[in-house]
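entry.csv follows; it contains CSV, C-alpha atoms and all ligand atoms.
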chain,number,residue,atom,x,y,z
J,1,MET,CA,-18.0,9.2,12.1
J,2,GLY,CA,-14.3,9.7,11.4
J,3,ILE,CA,-13.7,6.8,9.1
J,4,VAL,CA,-16.2,4.8,7.1
J,5,VAL,CA,-15.1,1.8,5.0
J,6,GLN,CA,-17.9,0.4,2.9
J,7,GLY,CA,-18.0,-2.8,0.9
J,8,LEU,CA,-14.2,-2.6,0.4
J,9,SER,CA,-12.6,-5.3,-1.6
J,10,HIS,CA,-9.0,-5.4,-2.9
J,11,VAL,CA,-7.5,-7.6,-5.5
J,12,TYR,CA,-3.7,-7.5,-5.9
J,13,MET,CA,-2.3,-8.2,-9.4
J,14,ALA,CA,-5.7,-8.5,-10.9
J,15,GLY,CA,-5.8,-10.4,-14.2
J,16,THR,CA,-2.5,-12.1,-13.7
J,17,PRO,CA,-1.8,-15.7,-12.6
J,18,PHE,CA,-0.7,-14.1,-9.2
J,19,GLU,CA,-4.1,-12.5,-8.6
J,20,LYS,CA,-4.9,-12.4,-4.9
J,21,LYS,CA,-8.1,-11.2,-3.3
J,22,ALA,CA,-6.8,-9.6,0.0
J,23,LEU,CA,-10.0,-7.9,1.2
J,24,SER,CA,-13.6,-9.0,0.6
J,25,ASP,CA,-16.5,-6.7,1.2
J,26,VAL,CA,-15.2,-5.1,4.4
J,27,ASP,CA,-17.5,-2.6,6.2
J,28,LEU,CA,-16.0,-0.8,9.2
J,29,LYS,CA,-16.6,2.4,11.1
J,30,VAL,CA,-14.2,4.3,13.3
J,31,GLU,CA,-15.5,7.0,15.5
J,32,THR,CA,-13.6,10.2,15.7
J,33,GLY,CA,-11.3,10.3,18.7
J,34,SER,CA,-11.5,6.6,19.4
J,35,PHE,CA,-8.7,4.0,19.9
J,36,VAL,CA,-9.4,1.1,17.7
J,37,ALA,CA,-7.4,-2.1,17.4
J,38,ILE,CA,-7.3,-4.3,14.3
J,39,LEU,CA,-6.4,-7.8,15.1
J,40,GLY,CA,-5.8,-10.8,12.8
J,41,ALA,CA,-3.3,-13.5,11.9
J,42,THR,CA,-0.6,-12.8,9.4
J,43,GLY,CA,-2.1,-12.6,5.9
J,44,SER,CA,-5.6,-11.7,7.2
J,45,GLY,CA,-5.7,-8.4,5.4
J,46,LYS,CA,-4.8,-5.9,8.1
J,47,SER,CA,-2.1,-4.1,6.2
J,48,THR,CA,-4.1,-3.9,3.0
J,49,LEU,CA,-7.0,-2.4,5.0
J,50,ILE,CA,-4.9,0.3,6.6
J,51,GLN,CA,-3.2,1.2,3.4
J,52,HIS,CA,-6.6,2.0,2.0
J,53,ILE,CA,-7.4,4.2,5.0
J,54,ALA,CA,-4.0,5.9,4.6
J,55,GLY,CA,-4.7,6.7,0.9
J,56,LEU,CA,-1.9,4.4,-0.3
J,57,LEU,CA,-4.0,1.8,-2.2
J,58,ARG,CA,-7.1,2.3,-4.4
J,59,PRO,CA,-10.1,0.1,-3.7
J,60,THR,CA,-10.9,-2.5,-6.3
J,61,THR,CA,-14.6,-2.1,-5.2
J,62,GLY,CA,-16.2,-0.2,-2.4
J,63,SER,CA,-15.1,3.1,-0.8
J,64,VAL,CA,-13.2,4.6,2.1
J,65,ARG,CA,-14.2,7.9,3.7
J,66,VAL,CA,-11.9,9.7,6.1
J,67,PHE,CA,-13.7,12.8,7.5
J,68,ASP,CA,-14.8,14.7,4.4
J,69,THR,CA,-12.7,12.9,1.8
J,70,VAL,CA,-14.0,9.9,-0.1
J,71,VAL,CA,-12.0,7.5,-2.3
J,72,ASP,CA,-13.3,4.7,-4.4
J,73,GLY,CA,-12.2,2.7,-7.4
J,74,THR,CA,-12.7,5.6,-9.8
J,75,THR,CA,-10.8,8.2,-7.7
J,76,LYS,CA,-7.7,9.4,-9.6
J,77,LYS,CA,-5.8,11.1,-6.7
J,78,LEU,CA,-5.6,9.4,-3.4
J,79,ALA,CA,-3.4,12.1,-1.9
J,80,PRO,CA,-6.2,14.1,-0.2
J,81,LEU,CA,-6.8,11.1,2.2
J,82,ARG,CA,-3.2,11.4,3.3
J,83,ARG,CA,-3.7,14.9,4.6
J,84,HIS,CA,-5.6,13.4,7.5
J,85,VAL,CA,-3.8,10.2,8.2
J,86,GLY,CA,-0.3,9.5,9.5
J,87,VAL,CA,1.1,5.9,9.3
J,88,ALA,CA,4.0,4.3,11.1
J,89,PHE,CA,4.6,1.1,9.3
J,90,GLN,CA,6.4,-1.9,10.9
J,91,TYR,CA,9.9,-1.1,11.9
J,92,PRO,CA,9.6,2.6,10.9
J,93,GLU,CA,13.1,3.3,12.2
J,94,HIS,CA,14.4,1.7,9.0
J,95,GLN,CA,13.3,4.9,7.2
J,96,LEU,CA,15.4,7.3,9.3
J,97,PHE,CA,18.1,8.9,7.3
J,98,GLU,CA,19.0,12.4,8.5
J,99,GLU,CA,22.1,13.4,10.5
J,100,THR,CA,20.2,14.5,13.5
J,101,VAL,CA,17.0,13.5,15.3
J,102,ALA,CA,15.6,17.1,14.8
J,103,LYS,CA,16.3,17.1,11.1
J,104,ASP,CA,14.6,13.7,10.6
J,105,ILE,CA,11.5,14.8,12.4
J,106,ALA,CA,11.5,18.1,10.5
J,107,TYR,CA,11.6,16.3,7.1
J,108,GLY,CA,7.8,15.9,6.7
J,109,PRO,CA,6.6,19.3,7.8
J,110,SER,CA,9.4,21.1,6.0
J,111,ASN,CA,8.2,19.4,2.8
J,112,GLN,CA,4.8,21.0,3.5
J,113,GLY,CA,6.4,24.4,3.5
J,114,ILE,CA,6.7,24.9,7.2
J,115,ASP,CA,10.0,26.5,8.2
J,116,GLY,CA,11.7,28.8,10.7
J,117,GLU,CA,10.4,29.1,14.2
J,118,ALA,CA,7.2,27.3,13.4
J,119,LEU,CA,9.2,24.3,12.3
J,120,THR,CA,11.4,24.3,15.4
J,121,THR,CA,8.3,24.4,17.5
J,122,ARG,CA,6.7,21.6,15.6
J,123,VAL,CA,9.8,19.4,16.0
J,124,ARG,CA,10.1,20.2,19.8
J,125,GLN,CA,6.4,19.4,20.2
J,126,SER,CA,6.6,16.2,18.3
J,127,MET,CA,9.5,15.0,20.4
J,128,GLU,CA,7.5,15.7,23.5
J,129,TRP,CA,4.5,13.8,22.1
J,130,ALA,CA,6.7,10.8,21.3
J,131,GLY,CA,8.3,10.9,24.8
J,132,LEU,CA,11.8,11.9,23.6
J,133,PRO,CA,13.9,14.2,25.8
J,134,GLU,CA,14.9,17.4,24.1
J,135,THR,CA,18.6,16.6,24.7
J,136,LEU,CA,18.4,14.1,21.9
J,137,ALA,CA,17.5,16.7,19.2
J,138,ASP,CA,21.1,17.1,17.9
J,139,ARG,CA,22.1,13.5,18.2
J,140,SER,CA,22.4,11.1,15.3
J,141,PRO,CA,19.3,8.9,15.3
J,142,PHE,CA,21.6,6.0,14.6
J,143,GLN,CA,23.3,6.3,18.0
J,144,LEU,CA,20.0,5.8,19.8
J,145,SER,CA,18.5,2.6,21.3
J,146,GLY,CA,16.0,0.7,19.3
J,147,GLY,CA,13.1,2.0,21.3
J,148,GLN,CA,14.3,5.6,20.9
J,149,MET,CA,14.8,5.2,17.2
J,150,ARG,CA,11.2,4.0,16.9
J,151,ARG,CA,10.0,7.0,18.8
J,152,VAL,CA,11.9,9.3,16.5
J,153,ALA,CA,10.2,7.7,13.5
J,154,ILE,CA,6.8,8.1,15.2
J,155,ALA,CA,7.6,11.7,16.1
J,156,GLY,CA,8.2,12.2,12.4
J,157,VAL,CA,4.7,11.0,11.7
J,158,LEU,CA,3.2,13.1,14.5
J,159,ALA,CA,5.1,16.2,13.2
J,160,MET,CA,2.6,16.2,10.3
J,161,GLU,CA,-0.2,16.6,12.9
J,162,PRO,CA,-2.4,13.9,11.5
J,163,ARG,CA,-6.0,13.6,12.8
J,164,VAL,CA,-5.7,9.9,12.5
J,165,LEU,CA,-2.6,7.9,13.6
J,166,ILE,CA,-2.2,4.4,12.3
J,167,LEU,CA,0.4,2.2,14.0
J,168,ASP,CA,1.3,-1.1,12.3
J,169,GLU,CA,2.7,-3.4,15.0
J,170,PRO,CA,4.4,-0.5,16.7
J,171,THR,CA,5.9,-2.6,19.5
J,172,ALA,CA,7.4,-5.4,17.3
J,173,GLY,CA,10.9,-6.1,18.4
J,174,LEU,CA,10.9,-3.9,21.5
J,175,ASP,CA,11.4,-5.4,25.0
J,176,PRO,CA,8.3,-5.6,27.2
J,177,ARG,CA,9.2,-2.4,29.0
J,178,GLY,CA,9.7,-0.5,25.8
J,179,GLN,CA,6.4,-1.9,24.4
J,180,ARG,CA,4.5,-0.7,27.4
J,181,GLU,CA,6.1,2.7,27.6
J,182,LEU,CA,5.5,3.4,23.9
J,183,LEU,CA,1.9,2.5,24.0
J,184,GLU,CA,1.3,4.4,27.2
J,185,GLN,CA,2.8,7.4,25.5
J,186,ILE,CA,0.5,7.0,22.4
J,187,ASN,CA,-2.5,6.4,24.7
J,188,ALA,CA,-1.8,9.6,26.6
J,189,LEU,CA,-1.5,11.6,23.4
J,190,HIS,CA,-4.7,10.0,22.2
J,191,HIS,CA,-6.5,11.2,25.3
J,192,GLU,CA,-4.9,14.7,25.4
J,193,ARG,CA,-5.4,15.6,21.8
J,194,GLY,CA,-8.4,13.5,20.9
J,195,MET,CA,-6.4,11.9,18.2
J,196,THR,CA,-8.0,8.9,16.5
J,197,VAL,CA,-5.7,5.9,16.8
J,198,LEU,CA,-5.8,2.7,14.8
J,199,LEU,CA,-3.5,0.0,16.2
J,200,VAL,CA,-2.7,-3.0,14.0
J,201,SER,CA,-1.6,-5.8,16.2
J,202,HIS,CA,-1.6,-9.4,16.8
J,203,SER,CA,-1.3,-8.9,20.5
J,204,MET,CA,-4.6,-9.3,22.2
J,205,ALA,CA,-3.1,-8.1,25.5
J,206,GLU,CA,-2.3,-4.8,23.8
J,207,ALA,CA,-5.7,-4.5,22.3
J,208,ALA,CA,-7.4,-5.4,25.6
J,209,ARG,CA,-5.5,-2.7,27.4
J,210,TYR,CA,-5.9,0.3,25.0
J,211,ALA,CA,-8.7,-0.2,22.5
J,212,ASP,CA,-12.2,1.1,22.9
J,213,LYS,CA,-13.2,-1.2,20.0
J,214,ILE,CA,-11.6,-4.2,18.3
J,215,HIS,CA,-12.1,-5.4,14.8
J,216,VAL,CA,-10.9,-8.9,13.9
J,217,MET,CA,-9.9,-9.8,10.4
J,218,HIS,CA,-9.7,-13.3,8.9
J,219,LYS,CA,-9.0,-14.2,5.3
J,220,GLY,CA,-9.7,-10.6,4.1
J,221,ARG,CA,-13.0,-10.3,5.9
J,222,ARG,CA,-14.0,-8.5,9.1
J,223,VAL,CA,-15.3,-11.4,11.1
J,224,LEU,CA,-15.9,-9.8,14.5
J,225,SER,CA,-16.2,-6.4,16.1
J,226,GLY,CA,-16.9,-5.2,19.6
J,227,THR,CA,-15.5,-4.0,22.9
J,228,PRO,CA,-12.5,-5.9,24.3
J,229,GLY,CA,-14.8,-7.7,26.6
J,230,GLU,CA,-17.1,-8.8,23.8
J,231,VAL,CA,-14.3,-9.9,21.5
J,232,PHE,CA,-12.3,-11.8,24.1
J,233,SER,CA,-15.3,-13.8,25.3
J,234,GLN,CA,-15.2,-15.5,21.9
J,235,ARG,CA,-12.0,-17.5,22.6
J,236,GLU,CA,-12.9,-20.5,20.5
J,237,ALA,CA,-13.6,-18.4,17.4
J,238,LEU,CA,-10.4,-16.3,17.9
J,239,GLU,CA,-8.4,-19.5,18.0
J,240,GLN,CA,-10.0,-20.7,14.8
J,241,TRP,CA,-9.0,-17.5,13.2
J,242,GLY,CA,-5.4,-18.2,14.1
J,243,LEU,CA,-5.2,-15.8,17.0
J,244,GLU,CA,-3.8,-17.1,20.3
J,245,PRO,CA,-5.6,-15.4,23.2
J,246,PRO,CA,-3.2,-15.0,26.1
J,247,PRO,CA,-4.1,-16.9,29.3
J,248,ALA,CA,-7.4,-15.7,30.7
J,249,ALA,CA,-5.7,-14.3,33.8
J,250,ALA,CA,-3.4,-12.1,31.7
J,251,LEU,CA,-6.4,-10.8,29.7
J,252,CYS,CA,-8.4,-10.1,32.8
J,253,HIS,CA,-5.4,-8.2,34.2
J,254,SER,CA,-5.3,-6.0,31.1
J,255,LEU,CA,-9.0,-5.5,31.1
J,256,ARG,CA,-9.2,-4.8,34.8
J,257,GLU,CA,-6.5,-2.2,34.6
J,258,ARG,CA,-8.7,-0.1,32.3
J,259,MET,CA,-12.2,-1.2,33.0
J,260,GLY,CA,-12.1,-1.7,36.8
J,261,PRO,CA,-14.6,-4.2,38.2
J,262,SER,CA,-16.8,-4.2,35.1
J,263,VAL,CA,-14.9,-7.0,33.4
J,264,PRO,CA,-17.4,-9.4,32.0
J,265,GLU,CA,-18.1,-12.4,34.2
J,266,ASP,CA,-17.4,-15.0,31.5
J,267,LEU,CA,-13.9,-13.7,31.2
J,268,LEU,CA,-13.2,-13.9,34.9
J,269,THR,CA,-14.5,-17.4,35.3
J,270,VAL,CA,-12.2,-19.0,32.6
J,271,GLU,CA,-9.3,-21.0,34.1
J,272,ALA,CA,-6.3,-18.9,35.1
Y,301,LIG,P1,-1.7,-8.8,7.2
Y,301,LIG,O1,-1.3,-7.4,7.2
Y,301,LIG,O2,-2.9,-9.2,8.0
Y,301,LIG,O3,-0.5,-9.8,7.4
Y,301,LIG,P2,-1.9,-8.4,4.3
Y,301,LIG,O4,-2.9,-7.3,4.1
Y,301,LIG,O5,-0.4,-8.0,4.2
Y,301,LIG,O6,-2.2,-9.1,5.6
Y,301,LIG,O7,-2.1,-9.5,3.2
Y,301,LIG,C1,-3.3,-10.0,2.9
Y,301,LIG,C2,-3.1,-11.0,1.7
Y,301,LIG,O8,-2.7,-10.3,0.5
Y,301,LIG,C3,-2.1,-12.1,2.0
Y,301,LIG,O9,-2.5,-13.3,1.3
Y,301,LIG,C4,-0.9,-11.5,1.2
Y,301,LIG,O10,0.0,-12.5,0.8
Y,301,LIG,C5,-1.5,-10.8,0.1
Y,301,LIG,N1,-0.7,-9.6,-0.3
Y,301,LIG,C6,-0.3,-8.6,0.5
Y,301,LIG,N2,0.4,-7.7,-0.2
Y,301,LIG,C7,0.5,-8.1,-1.5
Y,301,LIG,C8,1.0,-7.6,-2.7
Y,301,LIG,N3,1.7,-6.5,-2.7
Y,301,LIG,N4,0.9,-8.4,-3.8
Y,301,LIG,C9,0.2,-9.5,-3.8
Y,301,LIG,N5,-0.4,-10.1,-2.7
Y,301,LIG,C10,-0.2,-9.4,-1.6
Encoded form using C-alpha cells:
Amino acid sequence: MGIVVQGLSHVYMAGTPFEKKALSDVDLKVETGSFVAILGATGSGKSTLIQHIAGLLRPTTGSVRVFDTVVDGTTKKLAPLRRHVGVAFQYPEHQLFEETVAKDIAYGPSNQGIDGEALTTRVRQSMEWAGLPETLADRSPFQLSGGQMRRVAIAGVLAMEPRVLILDEPTAGLDPRGQRELLEQINALHHERGMTVLLVSHSMAEAARYADKIHVMHKGRRVLSGTPGEVFSQREALEQWGLEPPPAAALCHSLRERMGPSVPEDLLTVEA
C-alpha cells in the first residue's frame, strides 16, 4: 500500500478561541499506482488531508505513512515525506517567477543538486510529461496562455520525479477543452509511469472519468469510499454532503467512456 492514513485528526489553532477541528479520525488507503479522487464540498477537509500526505502539516493525532516514511504527532521533521510527494496547489501558476519556462521548471531539481546535462534532460522530459512543446522552453512563462502556465507549474512539480502526484483542483479556471486536455495528459502519465495520482476535486464528472477509487469528505470525516460506480449510485447522500452530482446522463457518459458496458444498472436507469 503506497499511502496509509490512520486515525488522522487535525486541529488548527488549538487552544485559541479560533480552534477548528478540520479532520476527525480519518482512515484512508491509497494503492501504489492508483488514481484516486478526493471529493467534498468546500471546507470538508480535502486540503488539510492532502497537506498531511504531502508532509506540510503535522497530525494532531493519528499517522500518515507514504511508502516507508511514517509521520505522526511526535515526528520532528516532516521533510522525509516530501521526497515522495509532489503537490500542485490551486492556481499553481501564481508561483511561477523565473524568466523562462525552462528555468522555472529547473528550479526544484537544481535545488536538489542536479545540474548540467542531467538537469537539461530532466527539464525537457518534464515538459514532455506536462504536454508542453519544446519550443516554449526559452519563452517567458508570463507570455503563455493560462492553460500553458498551469502546465509549466505542473512540469515544475513533475521535474522532482515524485512517486505520488497530488493535484488540488488542477482544472479550476480553465476552459472545458483545457480541463480535458490537462487531465488526459496526467492520466496518460499515470498509466505510462505507474505514478500514483491524488486528484482533489469537486467535479464528479472528472472523478468519474479518471479515478479508480473515490473518497468523499464531509465535515472533516471520510464518509464514503468506493469505485466511481459505487459512489455515484449514492446520489441522495452526495447531495446531503453538499455535492451536486451532474445529470445522470453526463455521469453515465463519463463512466461509459472508461468502463464500457459495465456501468452499474442503477446509474443507467436514473432520468437523463
Ligand atoms: P477543503 O479543502 O475541503 O475546502 P480545508 O481543509 O481547507 O477544506 O478546510 C477544512 C476546515 O478547516 C474548514 O472549516 C476551514 O475553514 C478550516 N481551515 C482550513 N485551513 C485553516 C487554517 N489555516 N486555520 C484555521 N482553520 C482552517
- Message: To check your reading of the model: which residues sit at most 12 Å from ligand LIG 301 (chain Y) when counting all atoms listed in the file? Write the answer as an MDAnalysis selection string.
- Response: chainID J and resid 9:14 16:24 38:52 56:57 89:90 167:169 199:202 216:222 241:243
Wanna dump the region 10-55 of chain J-region 224-230 of chain J contacts at 12 Å for me, each residue with its shortest atom pair and the distance in Å to one decimal, counting only C-alpha atoms, ordered by chain and number, as a tab-separated table?
residue	atom	partner	partner_atom	distance
J:Val26	CA	J:Leu224	CA	11.2
J:Asp27	CA	J:Ser225	CA	10.7
J:Leu28	CA	J:Ser225	CA	8.9
J:Lys29	CA	J:Ser225	CA	10.1
J:Val30	CA	J:Ser225	CA	11.2
J:Ser34	CA	J:Thr227	CA	11.9
J:Phe35	CA	J:Thr227	CA	10.9
J:Val36	CA	J:Thr227	CA	9.5
J:Ala37	CA	J:Pro228	CA	9.4
J:Ile38	CA	J:Ser225	CA	9.3
J:Leu39	CA	J:Leu224	CA	9.7
J:Gly40	CA	J:Leu224	CA	10.3
- May I ask which of the residues J:Leu189, J:Ala237, J:Leu182, J:Leu255 is the closest one to Gly146 (chain J), counting only C-alpha atoms? J:Leu182
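If you look at CA of Ser126 (chain J) and CA of Met195 (chain J), they are 13.7 Å away from each other.
The residue set within 6 Å of Thr100 (chain J), counting all atoms listed in the file and dropping same-chain residues fewer than 3 places from it, reads Lys103, Asp138, Arg139, Ser140 and Pro141 of chain J.
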Restricting the output to C-alpha atoms, write the selected residues as a short mmCIF file (atom, residue, chain, number, x, y, z; two decimals), keeping the file's coordinate frame.
data_model
loop_
_atom_site.label_atom_id
_atom_site.label_comp_id
_atom_site.auth_asym_id
_atom_site.auth_seq_id
_atom_site.Cartn_x
_atom_site.Cartn_y
_atom_site.Cartn_z
CA LYS J 103 16.30 17.10 11.10
CA ASP J 138 21.10 17.10 17.90
CA ARG J 139 22.10 13.50 18.20
CA SER J 140 22.40 11.10 15.30
CA PRO J 141 19.30 8.90 15.30
#
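Put simply, CA of Gly173 (chain J) is 21.8 Å away from CA of Ala188 (chain J).
Relative to CA of Glu192 (chain J), CA of Gln95 (chain J) is found at 27.5 Å.
Of the residues under consideration (J:Tyr210, J:Trp129, J:Phe97, J:Phe67), J:Phe67 shows the shortest atom-to-atom contact distance to His84 (chain J) when counting only C-alpha atoms.
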Is there a way to get, as an mmCIF file with C-alpha atoms, in the frame of the given file, all residues within 8 Å of the point (17.5, 8.9, 19.3) in file coordinates, counting all atoms listed in the file?
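Written out: out.cif:
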data_model
loop_
_atom_site.group_PDB
_atom_site.id
_atom_site.type_symbol
_atom_site.label_atom_id
_atom_site.label_comp_id
_atom_site.auth_asym_id
_atom_site.auth_seq_id
_atom_site.Cartn_x
_atom_site.Cartn_y
_atom_site.Cartn_z
ATOM 1 C CA VAL J 101 17.000 13.500 15.300
ATOM 2 C CA LEU J 132 11.800 11.900 23.600
ATOM 3 C CA LEU J 136 18.400 14.100 21.900
ATOM 4 C CA ALA J 137 17.500 16.700 19.200
ATOM 5 C CA ARG J 139 22.100 13.500 18.200
ATOM 6 C CA SER J 140 22.400 11.100 15.300
ATOM 7 C CA PRO J 141 19.300 8.900 15.300
ATOM 8 C CA PHE J 142 21.600 6.000 14.600
ATOM 9 C CA GLN J 143 23.300 6.300 18.000
ATOM 10 C CA LEU J 144 20.000 5.800 19.800
ATOM 11 C CA SER J 145 18.500 2.600 21.300
ATOM 12 C CA GLN J 148 14.300 5.600 20.900
ATOM 13 C CA MET J 149 14.800 5.200 17.200
ATOM 14 C CA ARG J 151 10.000 7.000 18.800
ATOM 15 C CA VAL J 152 11.900 9.300 16.500
#
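With distances restricted to all atoms listed in the file, J:Leu8 is the closest residue to Arg58 (chain J) from J:Tyr91, J:Leu8, J:Ala106, J:Thr121.
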- Name all residues at most 9 Å from Leu158 (chain J) (count all atoms listed in the file; drop same-chain ones fewer than 5 positions away) and give them as a ChimeraX atom specification. /J:86,105,126-127,129-130,153,165
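For the choices J:Gln112, J:Gln240, J:Thr120, J:Gln6, the atom-to-atom distance to Gly73 (chain J) is smallest for J:Gln6 when using only C-alpha atoms.
Comparing J:Ile114, J:Leu119, J:Ala102, J:Gly55 by their smallest distance to Lys77 (chain J), the closest is J:Gly55 (using all atoms listed in the file).
Distances here use only C-alpha atoms; by that measure, the residue among J:Ala54, J:Pro162, J:Glu98, J:Glu128 closest to Leu78 (chain J) is J:Ala54.
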